[in-house]
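**Student:** Dumping the structure here so I can ask a few things about it.
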Amino acid sequence: MKSSRRRFMKLAGAAALGLGAQPVIKAVAPASEESPQPVIRKGSNALPAEQWAMVIDTRRFHSAKDLEPLIEACHKIHNVPHLTNKNHEIKWIWETHYHNAFPGNPNPYQSEEVEHRPFMVLCNHCENPPCVRACPTKATFKRESDGIVLMDFHRCIGCRFCMAACPYGSRSFNFRDPRPFIEETNPKFPTRMKGVVEKCNFCAERLAVGQKPACVEASNGAIVFGDLKDPHSEVRELLRENFTIRRKQNLGTEPSVYYIV
Amino acid sequence: MLELAFKGKKTYWTWIFGLLAAIGAGFALYIWQINQGLMITGMSRDVSWGFYIANFTYLVGVAAGGVMVVLPYYLHNYKAYGKITVMGEFMAIASIVMCVLFILVDLGQPTRALNVMLYPTPNSVLFYDAIVLNGYLFLNLIVGWNALEAERNGVHYQKWLKPFIYISIPWAISIHTVTAYLYCGLPGRGFWMTAILAPRFLSSAFAAGPALLILLCLFVRNTTNFDPGKEQIQSLAKTVAYAICINVFFLLCEVFVAFYSNIPEHMDHIKYLFFGLHGHASLVIWMWSSMALMVLGIILTVNPSTRKNEATLAVACVMIIAGTWIDKGLGMISGGFVPNPLHEINEYAPTLPEIGITIGVYAIGALVLTMLYKIVIGVKEEAHA
């Protein structure tokens, strides 16, 4: 009697261990042939790139007002709530000063014009994103097809490790239910729930249907978007002809947002 | 053995019900947090980790500190510690339980916590932290429980326990190393980005853990028929003395590197903590108190006459626990977030509900510790009766 009970416990324990280990095995073992992986196909007019990049011509912006329509366009289509408490603020793109966008760069005496320019900051969609490295659930990941750093709002556990990891302060956390604070909900883009992190997605949903990002569209040509790895792309053209800087490029994250100063 | 935890005098039960009340209050506040979101805490977009993660970090240290009795006993055959090893192990268990709970209450979506297991991500340090913390919990449960049961039965612990004991020693180091790696591998957080962070965490752990154990030993001696022993307490006190000295030394190393190199990114956080930055100075008084407490702790534990006097030793232990808690809890976490990556200053202070939930978690830890220690004392009293 006793020995059989012990054997049962052993078996049950082994079975529980096996079940618990299944996802780990799945992660390292190749997918079995019986269950074919779902195929995600691209739309016929989706814009392709190896690594999307953005070049911002800061010479074309003179005051914070010039950036407002861009921020407005982005936040409107992405259902970004308008929260008045600065601590709980959600922002995908925002306007800041030169010395905040590029801390460590400013000289004590420099061009006053540059110093007073508004700088638009957003997620840099780094080639080596520290946030992706930190995320314990792959809720934030770098899409291999075009290098965009994306968020799965349904997988995010809200640990905020990515926020500590991001050296650009580009990520926001939903400290409260954001839905009551969205003025006009865009049904084409998901709203978020409390307790998850969000950030700029380079308008992945627009690229999928052949549209450029909303801020680019609203910029009257001051922002150019294209494939960094295509030597003939417009962004590469601009990078060849203009001196550009990136935010904290000494950290090795390889940001994909370039600034012409 | 569990039945021993359910036998006690009136004071024991008063204490237990007091803890249950604190747990209940904390739980009610937590339900409110679930309902409202983390907006009820003082955390913000800039300081995205606060009191919960700070206490988590501190308690990982207390848990690791338990190894300071396990190692001399099992590796160096220091017989005196045989009496209190299990107290170190059970203190580690209670600490780890609190660590896990602090992580849980910090999550924005706690119902998704198992995603860490469902989508294992070996490039994330948090994945490893989950493994080492749970592993350490189980190691201490297995080792502590079985060794105590063997003691109760008057036999030597089983042979198969040996490997678990040996593994648990480097494992204790690993829990605090991995916890330090959570912070020190992040680009753009100058305050944390120091190779000495893991050693610093360990040194404060080996001061705070044994200091707490000394206080627990003194308490047990005064309230029960079991005496953990004068020699044991004195040996622990020496460990505390070395560790707190090393901890302050490491801190000074950080200060030297930051200020001699004169790199703003590294200096600014220390300036913020100890002097205030651009008029923001809410932590200055705390940080200097922490320094004063740790220095007084050094004076009282290094000086033989105050170390050997158990009254002054107890005072020193309280000072060291408080000093390291401020340093590692309050300073280490907010210090790393202020100023933010855009060099803006947004300070942090915990809110009352946040503190209430924290007290609730501590009450759960105290409950676990009380019941485990009640068992230990029951066994020890039986053995000596």
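Convention: chains lettered A, B, ... in structure tokens order; per-chain residue numbering from 1; ligands numbered from 1 as shown.
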Please, which residues in chain B fall within 9 Å of chain A when counting only C-alpha atoms, and what is the closest atom pair and distance in Å to one decimal for each, ordered by chain then residue number, as a tab-separated table?
**Tutor:**
residue	atom	partner	partner_atom	distance
B:Gln36	CA	A:Arg176	CA	6.2
B:Gly37	CA	A:Arg176	CA	4.9
B:Leu38	CA	A:Phe175	CA	4.9
B:Met39	CA	A:Phe175	CA	4.7
B:Ile40	CA	A:Phe175	CA	8.3
B:Thr41	CA	A:Phe175	CA	8.9
B:Gly42	CA	A:Asn87	CA	8.4
B:Met43	CA	A:Asn87	CA	7.3
B:Ser44	CA	A:Asn87	CA	4.4
B:Arg45	CA	A:Asn87	CA	5.5
B:Asp46	CA	A:Asn87	CA	7.4
B:Val47	CA	A:Ala164	CA	8.6
B:Ser48	CA	A:Arg160	CA	6.7
B:Trp49	CA	A:Arg160	CA	7.5
B:Ile103	CA	A:Cys159	CA	8.2
B:Leu104	CA	A:Cys159	CA	9.0
B:Asp106	CA	A:Cys159	CA	6.9
B:Leu107	CA	A:Cys159	CA	5.0
B:Gly108	CA	A:Gly195	CA	3.7
B:Gln109	CA	A:Ile157	CA	4.8
B:Pro110	CA	A:Ile157	CA	6.5
B:Thr111	CA	A:Ile157	CA	7.9
B:Arg112	CA	A:Ile157	CA	5.4
B:Ala113	CA	A:Ile157	CA	6.1
B:Leu114	CA	A:Ile157	CA	8.8
B:Asn115	CA	A:Thr137	CA	5.9
B:Val116	CA	A:Thr137	CA	5.2
B:Met117	CA	A:Pro23	CA	7.5
B:Leu118	CA	A:Pro23	CA	5.7
B:Tyr119	CA	A:Thr137	CA	5.4
B:Pro120	CA	A:Val24	CA	6.5
B:Thr121	CA	A:Pro136	CA	5.5
B:Pro122	CA	A:Pro136	CA	8.0
B:Asn123	CA	A:Arg133	CA	5.7
B:Ser124	CA	A:Ala134	CA	4.7
B:Val125	CA	A:Ala134	CA	6.6
B:Leu126	CA	A:Pro136	CA	5.8
B:Phe127	CA	A:Pro136	CA	5.6
B:Leu182	CA	A:Ala134	CA	8.4
B:Tyr183	CA	A:Ala164	CA	8.2
B:Gly185	CA	A:Ala165	CA	8.5
B:Leu186	CA	A:Ala165	CA	5.2
B:Pro187	CA	A:Leu251	CA	6.3
B:Gly188	CA	A:Pro167	CA	4.7
B:Arg189	CA	A:Pro167	CA	7.1
B:Pro264	CA	A:Gly104	CA	8.0
B:Glu265	CA	A:Gly104	CA	8.1
B:Phe337	CA	A:Ala164	CA	7.9
B:Asn340	CA	A:Gly169	CA	7.4
B:Pro341	CA	A:Tyr168	CA	5.6
B:Leu342	CA	A:Asn100	CA	4.6
B:His343	CA	A:Asn100	CA	6.0
B:Glu344	CA	A:Asn100	CA	7.3
B:Asn346	CA	A:Asn87	CA	8.4
**Student:** Which polymer residues have any atom within 10 Å of an atom of Ser168 in chain B, counting only C-alpha atoms, with same-chain residues fewer than 5 positions away left out, as a count of residues only?
**Tutor:** 16
**Student:** When you draw a straight line from CA of Pro187 in chain A to CA of Cys74 in chain A, how long is it in Å?
**Tutor:**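 These atoms are spaced 14.5 Å apart.
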**Student:** Find the spatial neighbours of Leu150 in chain A, counting only C-alpha atoms, within a cut-off of 10 Å - ignore same-chain residues fewer than 2 positions away - and output them as an mmCIF file with N, CA and C atoms, in the first residue's frame.
**Tutor:**
data_model
loop_
_atom_site.group_PDB
_atom_site.id
_atom_site.type_symbol
_atom_site.label_atom_id
_atom_site.label_comp_id
_atom_site.auth_asym_id
_atom_site.auth_seq_id
_atom_site.Cartn_x
_atom_site.Cartn_y
_atom_site.Cartn_z
ATOM 1 N N HIS A 125 13.997 52.709 -32.547
ATOM 2 C CA HIS A 125 13.985 51.423 -33.253
ATOM 3 C C HIS A 125 15.414 50.944 -33.505
ATOM 4 N N VAL A 132 14.550 45.092 -25.868
ATOM 5 C CA VAL A 132 14.231 43.735 -26.326
ATOM 6 C C VAL A 132 15.067 42.719 -25.547
ATOM 7 N N LYS A 138 9.352 38.289 -24.269
ATOM 8 C CA LYS A 138 9.350 38.611 -25.714
ATOM 9 C C LYS A 138 8.107 39.423 -26.087
ATOM 10 N N ALA A 139 7.534 40.131 -25.126
ATOM 11 C CA ALA A 139 6.397 40.993 -25.444
ATOM 12 C C ALA A 139 6.855 42.178 -26.276
ATOM 13 N N THR A 140 8.107 42.577 -26.109
ATOM 14 C CA THR A 140 8.660 43.561 -27.036
ATOM 15 C C THR A 140 9.746 42.839 -27.809
ATOM 16 N N PHE A 141 9.732 43.057 -29.122
ATOM 17 C CA PHE A 141 10.623 42.276 -29.982
ATOM 18 C C PHE A 141 10.985 43.084 -31.211
ATOM 19 N N LYS A 142 12.091 42.700 -31.834
ATOM 20 C CA LYS A 142 12.512 43.377 -33.047
ATOM 21 C C LYS A 142 12.055 42.541 -34.226
ATOM 22 N N ARG A 143 11.172 43.099 -35.038
ATOM 23 C CA ARG A 143 10.651 42.334 -36.168
ATOM 24 C C ARG A 143 11.768 42.117 -37.178
ATOM 25 N N GLY A 147 13.018 45.310 -39.059
ATOM 26 C CA GLY A 147 13.769 45.975 -37.991
ATOM 27 C C GLY A 147 12.967 46.853 -37.054
ATOM 28 N N ILE A 148 11.640 46.837 -37.146
ATOM 29 C CA ILE A 148 10.850 47.674 -36.237
ATOM 30 C C ILE A 148 10.772 46.995 -34.870
ATOM 31 N N ASP A 152 3.810 43.595 -28.012
ATOM 32 C CA ASP A 152 2.594 42.789 -27.949
ATOM 33 C C ASP A 152 1.894 43.168 -26.639
ATOM 34 N N PHE A 153 0.851 43.992 -26.767
ATOM 35 C CA PHE A 153 0.175 44.509 -25.568
ATOM 36 C C PHE A 153 -0.521 43.407 -24.773
ATOM 37 N N GLU A 198 3.816 50.826 -23.569
ATOM 38 C CA GLU A 198 3.630 51.099 -24.991
ATOM 39 C C GLU A 198 4.631 52.127 -25.487
ATOM 40 N N LYS A 199 4.721 52.243 -26.796
ATOM 41 C CA LYS A 199 5.666 53.200 -27.399
ATOM 42 C C LYS A 199 5.399 53.288 -28.898
ATOM 43 N N CYS A 200 6.137 54.185 -29.562
ATOM 44 C CA CYS A 200 6.047 54.366 -31.021
ATOM 45 C C CYS A 200 6.308 53.044 -31.739
ATOM 46 N N ASN A 201 5.533 52.778 -32.780
ATOM 47 C CA ASN A 201 5.733 51.519 -33.528
ATOM 48 C C ASN A 201 6.140 51.783 -34.973
ATOM 49 N N PHE A 202 6.661 52.987 -35.250
ATOM 50 C CA PHE A 202 7.039 53.388 -36.614
ATOM 51 C C PHE A 202 5.863 53.208 -37.569
ATOM 52 N N CYS A 203 4.652 53.238 -37.044
ATOM 53 C CA CYS A 203 3.426 53.075 -37.835
ATOM 54 C C CYS A 203 3.432 51.769 -38.633
ATOM 55 N N ALA A 204 3.796 50.689 -37.971
ATOM 56 C CA ALA A 204 3.832 49.385 -38.637
ATOM 57 C C ALA A 204 2.507 49.084 -39.325
#
**Student:** Identify all residues of range 144-218 of chain A in strand (DSSP E) (DSSP on the backbone) and supply them as an MDAnalysis selection string.
**Tutor:** chainID A and resid 149:151 172:173 197:198
**Student:** Save out the residues we just selected, all heavy atoms, as a PDB file, in the first residue's frame.
**Tutor:**
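Written output follows (out_3.pdb):
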ATOM      1  N   VAL A 149      10.919  47.788 -33.805  1.00  0.00           N
ATOM      2  CA  VAL A 149      10.786  47.250 -32.449  1.00  0.00           C
ATOM      3  C   VAL A 149       9.315  47.376 -32.058  1.00  0.00           C
ATOM      4  O   VAL A 149       8.781  48.481 -31.978  1.00  0.00           O
ATOM      5  CB  VAL A 149      11.694  47.996 -31.457  1.00  0.00           C
ATOM      6  CG1 VAL A 149      11.462  47.493 -30.039  1.00  0.00           C
ATOM      7  CG2 VAL A 149      13.158  47.824 -31.850  1.00  0.00           C
ATOM      8  N   LEU A 150       8.659  46.246 -31.879  1.00  0.00           N
ATOM      9  CA  LEU A 150       7.215  46.228 -31.655  1.00  0.00           C
ATOM     10  C   LEU A 150       6.858  45.761 -30.251  1.00  0.00           C
ATOM     11  O   LEU A 150       7.704  45.248 -29.524  1.00  0.00           O
ATOM     12  CB  LEU A 150       6.547  45.307 -32.688  1.00  0.00           C
ATOM     13  CG  LEU A 150       6.485  45.854 -34.117  1.00  0.00           C
ATOM     14  CD1 LEU A 150       6.070  44.767 -35.083  1.00  0.00           C
ATOM     15  CD2 LEU A 150       5.544  47.044 -34.205  1.00  0.00           C
ATOM     16  N   MET A 151       5.590  45.975 -29.909  1.00  0.00           N
ATOM     17  CA  MET A 151       5.069  45.576 -28.598  1.00  0.00           C
ATOM     18  C   MET A 151       3.862  44.672 -28.783  1.00  0.00           C
ATOM     19  O   MET A 151       2.999  44.966 -29.602  1.00  0.00           O
ATOM     20  CB  MET A 151       4.544  46.805 -27.846  1.00  0.00           C
ATOM     21  CG  MET A 151       5.506  47.588 -27.010  1.00  0.00           C
ATOM     22  SD  MET A 151       6.180  46.711 -25.621  1.00  0.00           S
ATOM     23  CE  MET A 151       4.739  46.189 -24.710  1.00  0.00           C
ATOM     24  N   SER A 172       6.347  54.314 -22.342  1.00  0.00           N
ATOM     25  CA  SER A 172       5.363  54.790 -21.371  1.00  0.00           C
ATOM     26  C   SER A 172       4.617  53.597 -20.805  1.00  0.00           C
ATOM     27  O   SER A 172       4.428  52.592 -21.493  1.00  0.00           O
ATOM     28  CB  SER A 172       4.356  55.721 -22.034  1.00  0.00           C
ATOM     29  OG  SER A 172       5.013  56.752 -22.720  1.00  0.00           O
ATOM     30  N   PHE A 173       4.192  53.742 -19.565  1.00  0.00           N
ATOM     31  CA  PHE A 173       3.459  52.669 -18.899  1.00  0.00           C
ATOM     32  C   PHE A 173       2.049  53.159 -18.586  1.00  0.00           C
ATOM     33  O   PHE A 173       1.861  54.307 -18.194  1.00  0.00           O
ATOM     34  CB  PHE A 173       4.197  52.297 -17.606  1.00  0.00           C
ATOM     35  CG  PHE A 173       3.522  51.214 -16.797  1.00  0.00           C
ATOM     36  CD1 PHE A 173       3.564  49.892 -17.205  1.00  0.00           C
ATOM     37  CD2 PHE A 173       2.858  51.522 -15.624  1.00  0.00           C
ATOM     38  CE1 PHE A 173       2.951  48.900 -16.459  1.00  0.00           C
ATOM     39  CE2 PHE A 173       2.247  50.527 -14.865  1.00  0.00           C
ATOM     40  CZ  PHE A 173       2.297  49.215 -15.287  1.00  0.00           C
ATOM     41  N   VAL A 197       3.035  48.335 -21.116  1.00  0.00           N
ATOM     42  CA  VAL A 197       3.936  49.366 -21.640  1.00  0.00           C
ATOM     43  C   VAL A 197       3.614  49.593 -23.117  1.00  0.00           C
ATOM     44  O   VAL A 197       3.168  48.673 -23.807  1.00  0.00           O
ATOM     45  CB  VAL A 197       5.400  48.922 -21.447  1.00  0.00           C
ATOM     46  CG1 VAL A 197       6.360  49.857 -22.162  1.00  0.00           C
ATOM     47  CG2 VAL A 197       5.742  48.855 -19.961  1.00  0.00           C
ATOM     48  N   GLU A 198       3.816  50.826 -23.569  1.00  0.00           N
ATOM     49  CA  GLU A 198       3.630  51.099 -24.991  1.00  0.00           C
ATOM     50  C   GLU A 198       4.631  52.127 -25.487  1.00  0.00           C
ATOM     51  O   GLU A 198       5.297  52.789 -24.687  1.00  0.00           O
ATOM     52  CB  GLU A 198       2.208  51.575 -25.254  1.00  0.00           C
ATOM     53  CG  GLU A 198       1.834  52.869 -24.532  1.00  0.00           C
ATOM     54  CD  GLU A 198       0.404  53.287 -24.852  1.00  0.00           C
ATOM     55  OE1 GLU A 198      -0.502  52.722 -24.222  1.00  0.00           O
ATOM     56  OE2 GLU A 198       0.224  54.156 -25.720  1.00  0.00           O
TER      57      GLU A 198
END
**Student:** Excluding range 245-250 of chain B and residues on its chain fewer than 5 positions from it, collect all residues at most 12 Å away from it, counting only C-alpha atoms, and give them as a PyMOL selection string.
**Tutor:** chain B and resi 194-208+238-240+255-257+290-302+320+323-324+327-328
**Student:** Would you pick out the contacts of Ser95 in chain B at 6 Å or less, using only C-alpha atoms, so that residues sharing its chain but fewer than 3 positions from it are not included, and give the list as a ChimeraX atom specification?
**Tutor:** /B:59,63,92,98
**Student:** My list of candidates is B:Ala363, B:Ala241, B:Leu283, B:Ile355. Which is closest to Asn303 in chain B when distances are computed with only C-alpha atoms?
**Tutor:**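 Going through B:Ala363, B:Ala241, B:Leu283, B:Ile355 one by one, the smallest distance to Asn303 in chain B is for B:Ala241.
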**Student:** Applying 12 Å and only C-alpha atoms, which residues near range 38-42 of chain A remain after dropping the ones on its own chain fewer than 2 positions away? List them as a count of residues only.
**Tutor:** 16
**Student:** Report, in Å with one decimal, the straight-line distance from CA of Asn186 in chain A to CA of Val121 in chain A.
**Tutor:**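 Spanning CA of Asn186 in chain A to CA of Val121 in chain A is a straight-line distance of 23.3 Å.
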**Student:** Which residue is closest to Glu184 in chain A? Choose from A:His75, A:Tyr259, A:Lys212, A:Gln110 and count only C-alpha atoms.
**Tutor:**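 Of A:His75, A:Tyr259, A:Lys212, A:Gln110, the one nearest Glu184 in chain A, counting only C-alpha atoms, is A:His75.
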**Student:** If you run DSSP over the backbone, which residues in range 20-224 of chain A end up helix (DSSP H, G or I)? Put them as JSON, numbers by chain.
**Tutor:** {"A": [20, 21, 22, 23, 24, 25, 26, 27, 28, 58, 59, 60, 64, 65, 66, 67, 68, 69, 70, 71, 72, 73, 74, 75, 76, 77, 86, 87, 88, 98, 99, 100, 101, 112, 113, 114, 115, 130, 131, 132, 133, 134, 161, 162, 163, 164, 165, 179, 180, 181, 204, 205, 206, 207, 214, 215, 216, 217]}
**Student:** Work out how far apart CA of Arg247 in chain A and CA of Cys123 in chain A are and give it in Å to one decimal.
**Tutor:** 10.6 Å
